[in-house]
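Since the structure comes first, as structure tokens, the remarks are kept for the end.
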Amino acid sequence: DIVIGQYVPADSFIHKMDSKIKILLIFFFIILLFFINTVPGYIVATIFVGIIVFGCKIPFKFILKGVRPMLYIFLFTGILNLFLTSGTPLVGFSVFGLNIAITYEGIKVASVMVVRLLYLVLASTVLTLTTSPLQLTDGIERLLKPFSVIKVPVHEIAMMMSIALRFIPTLAEEMDKITKAQKARGADFESGNIIRRAKALIPILVPLFISAFRRADELAVAMESRCYHGGHGRTKMKQSHMSKRDYLAMTIFLILAAFALTFECIF
């Protein structure tokens, strides 16, 4: 059920885009989300999300799987902002002697934060679903290349980020197998208080960490056996170049961003 980190090949406009441009557009879109506070601005953001979600030619139900693990975070964020934002009270009640009020400002802030998180997750999910690990590494490396002047190990950082992202589904699958194996041996992860449930997770976490270290060691041996010694002097078999579709995507994003910021200034 973990979609972030997976790559789904398809023949779509977004799949064919340069990985560097995709990363830049998603990065600036996430920044833009935190400058939008009006309904017209979020309508523009919805249009952008709709373009990338339905333009990647990946089933929408599959993309929604990337949102499902974040539902509890959405709910927690919404409730936290709903009850802790001061302003004009709409509904008030008392719980355990505490006076709690739901305000108009609280509803607005909670809605904005949930939509921001939702769009952030959807955009990040589409990025990983339409970009292979090699393309993602290449894009991150090219974006961080200016920092190599000050001796920053750009290639190694990009490689670590892509490997970490790639192994999210693998570790999630491993955790699911361990959980089912422990349940088959009579382990109980659902009853008891929070402390007891936390202790019950130890039989899962220990094998999971051992499996992660084993996979990391196997990956290191495999990379060394293929004569990998860092990014110095390495060349690429496939050189990526910007095309008309990349300039078109940047133009569409700039137009939508201009509309969103204009609406923010007007409203």
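Residue numbering restarts at 1 for every chain of the structure tokens, chains are lettered A, B, ... in their displayed order, and ligands are numbered from 1 as they appear.
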
Self-check item: All alpha helix (DSSP H) residues (DSSP, backbone) inside segment 155-254 of chain A, as a ChimeraX atom specification
Solution: /A:155-184,194-200,202-225,244-254

Each segment 157-226 of chain A residue no farther than 6 Å from segment 130-151 of chain A, nearest pair in Å, only C-alpha atoms, as a tab-separated table:
```
residue	atom	partner	partner_atom	distance
A:Ala158	CA	A:Thr137	CA	5.2
A:Met159	CA	A:Thr137	CA	5.8
A:Ser162	CA	A:Thr137	CA	5.7
```

Can you check which parts of segment 90-128 of chain A lie within 12 Å of segment 165-170 of chain A? Per residue, the shortest pair of atoms and distance in Å to one decimal, counting only C-alpha atoms, sorted by chain and number, as CSV.
```
residue,atom,partner,partner_atom,distance
A:Ser124,CA,A:Leu165,CA,11.3
A:Thr125,CA,A:Leu165,CA,11.2
A:Leu127,CA,A:Leu165,CA,11.6
A:Thr128,CA,A:Leu165,CA,8.6
```

For the residues selected in the previous step, produce a file with N, CA, C and O atoms as a compact mmCIF listing (two decimals), in the first residue's frame.
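What ended up in again-v1.txt:
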```txt
# COMPACT_ATOMS: atom_id res chain seq x y z
N SER A 124 4.07 14.88 -4.70
CA SER A 124 5.25 14.04 -4.44
C SER A 124 5.04 12.63 -4.94
O SER A 124 5.97 12.00 -5.47
N THR A 125 3.82 12.11 -4.81
CA THR A 125 3.53 10.75 -5.28
C THR A 125 3.64 10.66 -6.80
O THR A 125 4.22 9.72 -7.33
N LEU A 127 5.45 12.53 -8.67
CA LEU A 127 6.87 12.66 -9.02
C LEU A 127 7.58 11.32 -8.98
O LEU A 127 8.31 10.96 -9.92
N THR A 128 7.38 10.56 -7.91
CA THR A 128 8.07 9.26 -7.79
C THR A 128 7.47 8.20 -8.71
O THR A 128 8.19 7.32 -9.19
```

Give me, as JSON lines, each residue of segment 19-101 of chain A that comes within 10 Å of segment 244-252 of chain A, together with its shortest interatomic pair and the distance in Å at one decimal, counting only C-alpha atoms, with rows ordered by chain and rising residue number.
```
{"residue": "A:Ser19", "atom": "CA", "partner": "A:Asp246", "partner_atom": "CA", "distance": 9.6}
{"residue": "A:Lys20", "atom": "CA", "partner": "A:Asp246", "partner_atom": "CA", "distance": 9.6}
{"residue": "A:Ile21", "atom": "CA", "partner": "A:Asp246", "partner_atom": "CA", "distance": 6.7}
{"residue": "A:Lys22", "atom": "CA", "partner": "A:Asp246", "partner_atom": "CA", "distance": 8.5}
{"residue": "A:Leu24", "atom": "CA", "partner": "A:Met250", "partner_atom": "CA", "distance": 9.4}
{"residue": "A:Leu25", "atom": "CA", "partner": "A:Met250", "partner_atom": "CA", "distance": 7.3}
{"residue": "A:Phe48", "atom": "CA", "partner": "A:Ile252", "partner_atom": "CA", "distance": 8.8}
```

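Going from atom CA of Gly186 of chain A to atom CA of Ala198 of chain A covers 16.4 Å.
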
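The two atoms in question, atom CA of Cys56 of chain A and atom CA of Met242 of chain A, are spaced 18.4 Å apart.
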
Practice problem: Using only C-alpha atoms, determine which residues lie at most 12 Å from His229 of chain A, disregarding the query and same-chain residues fewer than 6 positions distant; provide the list as a VMD selection string. | Solution: chain A and resid 155 to 156 220 to 223

Restrict the selected residues to N, CA and C atoms and save them as an mmCIF file, in the first residue's frame.
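For reference, again_0.cif as written:
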```cif
data_model
loop_
_atom_site.group_PDB
_atom_site.id
_atom_site.type_symbol
_atom_site.label_atom_id
_atom_site.label_comp_id
_atom_site.auth_asym_id
_atom_site.auth_seq_id
_atom_site.Cartn_x
_atom_site.Cartn_y
_atom_site.Cartn_z
ATOM 1 N N HIS A 155 27.016 13.757 -5.896
ATOM 2 C CA HIS A 155 26.588 12.465 -6.433
ATOM 3 C C HIS A 155 26.205 11.501 -5.319
ATOM 4 N N GLU A 156 27.003 11.461 -4.262
ATOM 5 C CA GLU A 156 26.728 10.549 -3.153
ATOM 6 C C GLU A 156 25.427 10.917 -2.443
ATOM 7 N N ALA A 220 25.718 -2.663 -0.695
ATOM 8 C CA ALA A 220 27.091 -2.145 -0.720
ATOM 9 C C ALA A 220 28.036 -3.114 -1.429
ATOM 10 N N VAL A 221 27.900 -4.404 -1.143
ATOM 11 C CA VAL A 221 28.744 -5.410 -1.805
ATOM 12 C C VAL A 221 28.473 -5.437 -3.307
ATOM 13 N N ALA A 222 27.189 -5.350 -3.680
ATOM 14 C CA ALA A 222 26.835 -5.356 -5.100
ATOM 15 C C ALA A 222 27.415 -4.142 -5.821
ATOM 16 N N MET A 223 27.374 -2.969 -5.176
ATOM 17 C CA MET A 223 27.920 -1.757 -5.797
ATOM 18 C C MET A 223 29.446 -1.827 -5.906
#
```

Quiz item: In terms of the shortest atom-to-atom distance over only C-alpha atoms, which of A:Leu80, A:Leu219, A:Ala258, A:Cys265 is closest to Leu32 of chain A?
Solution: A:Ala258

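Take the candidates A:Leu84, A:Ile30, A:Leu129, A:Ile63 and check each one against Asn99 of chain A using only C-alpha atoms; the shortest distance goes to A:Leu84.
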
Exercise. Can you pull out every residue within 12 Å of Ile266 of chain A, counting only C-alpha atoms, but drop anything in the same chain fewer than 6 positions away, and send it as a ChimeraX atom specification?
Key: /A:37-41,259-260

Quiz prompt | Backbone-only DSSP, strand (DSSP E) members of segment 8-246 of chain A, as JSON, numbers by chain | solution = {"A": [89, 90, 91, 92, 93, 94, 95, 98, 99, 100, 101, 102, 103]}

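Take atom CA of Phe253 of chain A and atom CA of Ile23 of chain A: the distance between them is 12.8 Å.
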
Quiz item: Counting only C-alpha atoms, what is within 10 Å of segment 171-174 of chain A, bar same-chain residues fewer than 3 positions away, as a VMD selection string?
Solution: chain A and resid 1 to 2 166 to 168 177 to 179 204 207 to 209 211 to 212 215

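Nearest-residue note for Gly230 of chain A: choosing from A:Ile210, A:Met70, A:Ile157, A:Leu201, the minimum distance belongs to A:Ile157, counting only C-alpha atoms.
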
Quiz prompt | Test item: residues at most 10 Å from Lys57 of chain A, only C-alpha atoms, excluding those fewer than 2 positions along its chain, as JSON, numbers by chain | solution = {"A": [8, 9, 10, 11, 12, 13, 14, 15, 52, 53, 54, 55, 59, 60, 130]}

I need the chosen residues saved as an mmCIF file, in the first residue's frame, with N, CA and C atoms.
```cif
data_model
loop_
_atom_site.group_PDB
_atom_site.id
_atom_site.type_symbol
_atom_site.label_atom_id
_atom_site.label_comp_id
_atom_site.auth_asym_id
_atom_site.auth_seq_id
_atom_site.Cartn_x
_atom_site.Cartn_y
_atom_site.Cartn_z
ATOM 1 N N VAL A 8 6.089 3.603 -11.881
ATOM 2 C CA VAL A 8 5.148 2.937 -12.773
ATOM 3 C C VAL A 8 5.407 3.443 -14.193
ATOM 4 N N PRO A 9 5.984 2.615 -15.068
ATOM 5 C CA PRO A 9 6.257 3.071 -16.437
ATOM 6 C C PRO A 9 4.965 3.279 -17.226
ATOM 7 N N ALA A 10 4.955 4.344 -18.008
ATOM 8 C CA ALA A 10 3.804 4.643 -18.862
ATOM 9 C C ALA A 10 4.254 5.598 -19.960
ATOM 10 N N ASP A 11 3.449 5.703 -20.977
ATOM 11 C CA ASP A 11 3.762 6.581 -22.112
ATOM 12 C C ASP A 11 2.952 7.867 -21.966
ATOM 13 N N SER A 12 3.400 8.739 -21.081
ATOM 14 C CA SER A 12 2.681 9.982 -20.833
ATOM 15 C C SER A 12 3.604 11.178 -20.996
ATOM 16 N N PHE A 13 2.999 12.339 -21.079
ATOM 17 C CA PHE A 13 3.739 13.592 -21.226
ATOM 18 C C PHE A 13 4.656 13.812 -20.030
ATOM 19 N N ILE A 14 4.146 13.504 -18.826
ATOM 20 C CA ILE A 14 4.923 13.737 -17.602
ATOM 21 C C ILE A 14 6.071 12.746 -17.488
ATOM 22 N N HIS A 15 5.866 11.505 -17.910
ATOM 23 C CA HIS A 15 6.946 10.515 -17.870
ATOM 24 C C HIS A 15 8.118 10.941 -18.751
ATOM 25 N N ILE A 52 -1.389 17.188 -13.446
ATOM 26 C CA ILE A 52 -0.325 16.204 -13.267
ATOM 27 C C ILE A 52 -0.869 14.834 -12.868
ATOM 28 N N VAL A 53 -1.984 14.802 -12.133
ATOM 29 C CA VAL A 53 -2.537 13.515 -11.692
ATOM 30 C C VAL A 53 -3.169 12.765 -12.866
ATOM 31 N N PHE A 54 -3.979 13.457 -13.657
ATOM 32 C CA PHE A 54 -4.667 12.798 -14.770
ATOM 33 C C PHE A 54 -3.827 12.803 -16.040
ATOM 34 N N GLY A 55 -2.726 13.571 -16.046
ATOM 35 C CA GLY A 55 -1.869 13.592 -17.214
ATOM 36 C C GLY A 55 -0.766 12.559 -17.192
ATOM 37 N N PRO A 59 -3.601 4.978 -13.063
ATOM 38 C CA PRO A 59 -4.938 4.919 -12.449
ATOM 39 C C PRO A 59 -5.033 5.763 -11.188
ATOM 40 N N PHE A 60 -6.114 6.545 -11.110
ATOM 41 C CA PHE A 60 -6.289 7.464 -9.982
ATOM 42 C C PHE A 60 -6.395 6.697 -8.659
ATOM 43 N N THR A 130 6.299 8.685 -11.704
ATOM 44 C CA THR A 130 6.629 8.963 -13.101
ATOM 45 C C THR A 130 8.127 9.127 -13.345
#
```

Self-check item: Shell around Leu117 of chain A at 12 Å using only C-alpha atoms, local window under 6 positions removed, as a PyMOL selection string
Solution: chain A and resi 30-31+33-34+67+70-78+110-111+123-124

Got time to write the residues from that selection, all heavy atoms, as a short mmCIF file (atom, residue, chain, number, x, y, z; two decimals), in the first residue's frame?
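Listing of result_17.cif after writing:
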```
data_model
loop_
_atom_site.label_atom_id
_atom_site.label_comp_id
_atom_site.auth_asym_id
_atom_site.auth_seq_id
_atom_site.Cartn_x
_atom_site.Cartn_y
_atom_site.Cartn_z
N ILE A 30 5.21 23.27 -4.17
CA ILE A 30 5.07 23.12 -2.72
C ILE A 30 5.29 24.46 -2.02
O ILE A 30 4.58 24.81 -1.07
CB ILE A 30 6.05 22.05 -2.21
CG1 ILE A 30 5.64 20.67 -2.73
CG2 ILE A 30 6.10 22.04 -0.69
CD1 ILE A 30 6.64 19.58 -2.43
N ILE A 31 6.28 25.23 -2.48
CA ILE A 31 6.51 26.56 -1.91
C ILE A 31 5.30 27.46 -2.17
O ILE A 31 4.85 28.20 -1.28
CB ILE A 31 7.79 27.19 -2.51
CG1 ILE A 31 9.02 26.39 -2.08
CG2 ILE A 31 7.93 28.65 -2.08
CD1 ILE A 31 10.31 26.89 -2.67
N LEU A 33 2.24 26.63 -2.47
CA LEU A 33 1.11 26.26 -1.62
C LEU A 33 1.07 27.05 -0.32
O LEU A 33 -0.01 27.35 0.20
CB LEU A 33 1.17 24.75 -1.31
CG LEU A 33 0.71 23.79 -2.40
CD1 LEU A 33 0.91 22.36 -1.95
CD2 LEU A 33 -0.75 24.04 -2.75
N PHE A 34 2.23 27.39 0.22
CA PHE A 34 2.28 28.09 1.50
C PHE A 34 2.12 29.60 1.35
O PHE A 34 2.15 30.32 2.34
CB PHE A 34 3.59 27.76 2.22
CG PHE A 34 3.66 26.35 2.69
CD1 PHE A 34 4.21 25.35 1.90
CD2 PHE A 34 3.15 25.99 3.93
CE1 PHE A 34 4.27 24.04 2.34
CE2 PHE A 34 3.20 24.68 4.37
CZ PHE A 34 3.76 23.71 3.58
N VAL A 67 -2.04 8.44 -0.66
CA VAL A 67 -2.66 9.36 0.29
C VAL A 67 -3.17 8.62 1.52
O VAL A 67 -3.19 9.17 2.63
CB VAL A 67 -3.81 10.12 -0.39
CG1 VAL A 67 -4.48 11.10 0.57
CG2 VAL A 67 -3.30 10.86 -1.63
N MET A 70 -1.49 8.67 4.90
CA MET A 70 -1.38 10.00 5.50
C MET A 70 -2.70 10.50 6.08
O MET A 70 -2.76 11.61 6.59
CB MET A 70 -0.91 10.99 4.43
CG MET A 70 0.37 10.61 3.72
SD MET A 70 1.78 10.62 4.84
CE MET A 70 1.90 12.36 5.21
N LEU A 71 -3.76 9.67 6.01
CA LEU A 71 -5.07 10.13 6.47
C LEU A 71 -5.06 10.51 7.95
O LEU A 71 -5.70 11.50 8.35
CB LEU A 71 -6.12 9.04 6.21
CG LEU A 71 -6.50 8.81 4.74
CD1 LEU A 71 -7.52 7.69 4.63
CD2 LEU A 71 -7.05 10.08 4.12
N TYR A 72 -4.35 9.75 8.77
CA TYR A 72 -4.30 10.06 10.21
C TYR A 72 -3.58 11.38 10.45
O TYR A 72 -3.97 12.15 11.35
CB TYR A 72 -3.60 8.93 10.96
CG TYR A 72 -4.39 7.65 10.99
CD1 TYR A 72 -4.02 6.55 10.23
CD2 TYR A 72 -5.55 7.54 11.77
CE1 TYR A 72 -4.75 5.37 10.25
CE2 TYR A 72 -6.29 6.37 11.79
CZ TYR A 72 -5.89 5.29 11.03
OH TYR A 72 -6.64 4.13 11.04
N ILE A 73 -2.56 11.67 9.65
CA ILE A 73 -1.86 12.95 9.80
C ILE A 73 -2.78 14.09 9.36
O ILE A 73 -2.81 15.16 10.01
CB ILE A 73 -0.56 12.95 8.96
CG1 ILE A 73 0.40 11.88 9.50
CG2 ILE A 73 0.10 14.32 8.96
CD1 ILE A 73 1.70 11.78 8.73
N PHE A 74 -3.54 13.89 8.28
CA PHE A 74 -4.51 14.90 7.85
C PHE A 74 -5.53 15.16 8.96
O PHE A 74 -5.84 16.32 9.27
CB PHE A 74 -5.25 14.44 6.59
CG PHE A 74 -4.36 14.30 5.38
CD1 PHE A 74 -4.75 13.51 4.31
CD2 PHE A 74 -3.14 14.95 5.31
CE1 PHE A 74 -3.95 13.38 3.19
CE2 PHE A 74 -2.33 14.82 4.20
CZ PHE A 74 -2.73 14.04 3.14
N LEU A 75 -6.05 14.08 9.53
CA LEU A 75 -7.06 14.20 10.57
C LEU A 75 -6.51 14.89 11.80
O LEU A 75 -7.14 15.80 12.36
CB LEU A 75 -7.59 12.80 10.94
CG LEU A 75 -8.72 12.74 11.98
CD1 LEU A 75 -9.95 13.46 11.45
CD2 LEU A 75 -9.06 11.30 12.31
N PHE A 76 -5.30 14.50 12.22
CA PHE A 76 -4.69 15.10 13.41
C PHE A 76 -4.41 16.59 13.17
O PHE A 76 -4.68 17.42 14.05
CB PHE A 76 -3.38 14.37 13.74
CG PHE A 76 -2.62 14.96 14.88
CD1 PHE A 76 -3.03 14.75 16.19
CD2 PHE A 76 -1.49 15.73 14.66
CE1 PHE A 76 -2.34 15.29 17.25
CE2 PHE A 76 -0.78 16.27 15.71
CZ PHE A 76 -1.20 16.05 17.02
N THR A 77 -3.89 16.93 12.00
CA THR A 77 -3.60 18.33 11.69
C THR A 77 -4.87 19.16 11.66
O THR A 77 -4.91 20.29 12.18
CB THR A 77 -2.88 18.42 10.33
OG1 THR A 77 -1.69 17.64 10.37
CG2 THR A 77 -2.52 19.87 10.01
N GLY A 78 -5.93 18.61 11.04
CA GLY A 78 -7.19 19.33 10.97
C GLY A 78 -7.80 19.58 12.33
O GLY A 78 -8.23 20.70 12.64
N ALA A 110 -7.86 25.02 9.44
CA ALA A 110 -7.84 23.56 9.35
C ALA A 110 -8.04 23.10 7.91
O ALA A 110 -7.35 22.20 7.43
CB ALA A 110 -8.91 22.96 10.26
N SER A 111 -8.98 23.72 7.22
CA SER A 111 -9.24 23.34 5.82
C SER A 111 -8.02 23.62 4.95
O SER A 111 -7.64 22.80 4.11
CB SER A 111 -10.45 24.11 5.28
OG SER A 111 -11.60 23.87 6.07
N ALA A 123 1.38 15.59 -5.22
CA ALA A 123 2.45 16.02 -6.13
C ALA A 123 3.70 15.17 -5.95
O ALA A 123 4.33 14.77 -6.93
CB ALA A 123 2.76 17.50 -5.87
N SER A 124 4.07 14.88 -4.70
CA SER A 124 5.25 14.04 -4.44
C SER A 124 5.04 12.63 -4.94
O SER A 124 5.97 12.00 -5.47
CB SER A 124 5.55 14.03 -2.94
OG SER A 124 5.74 15.34 -2.44
#
```
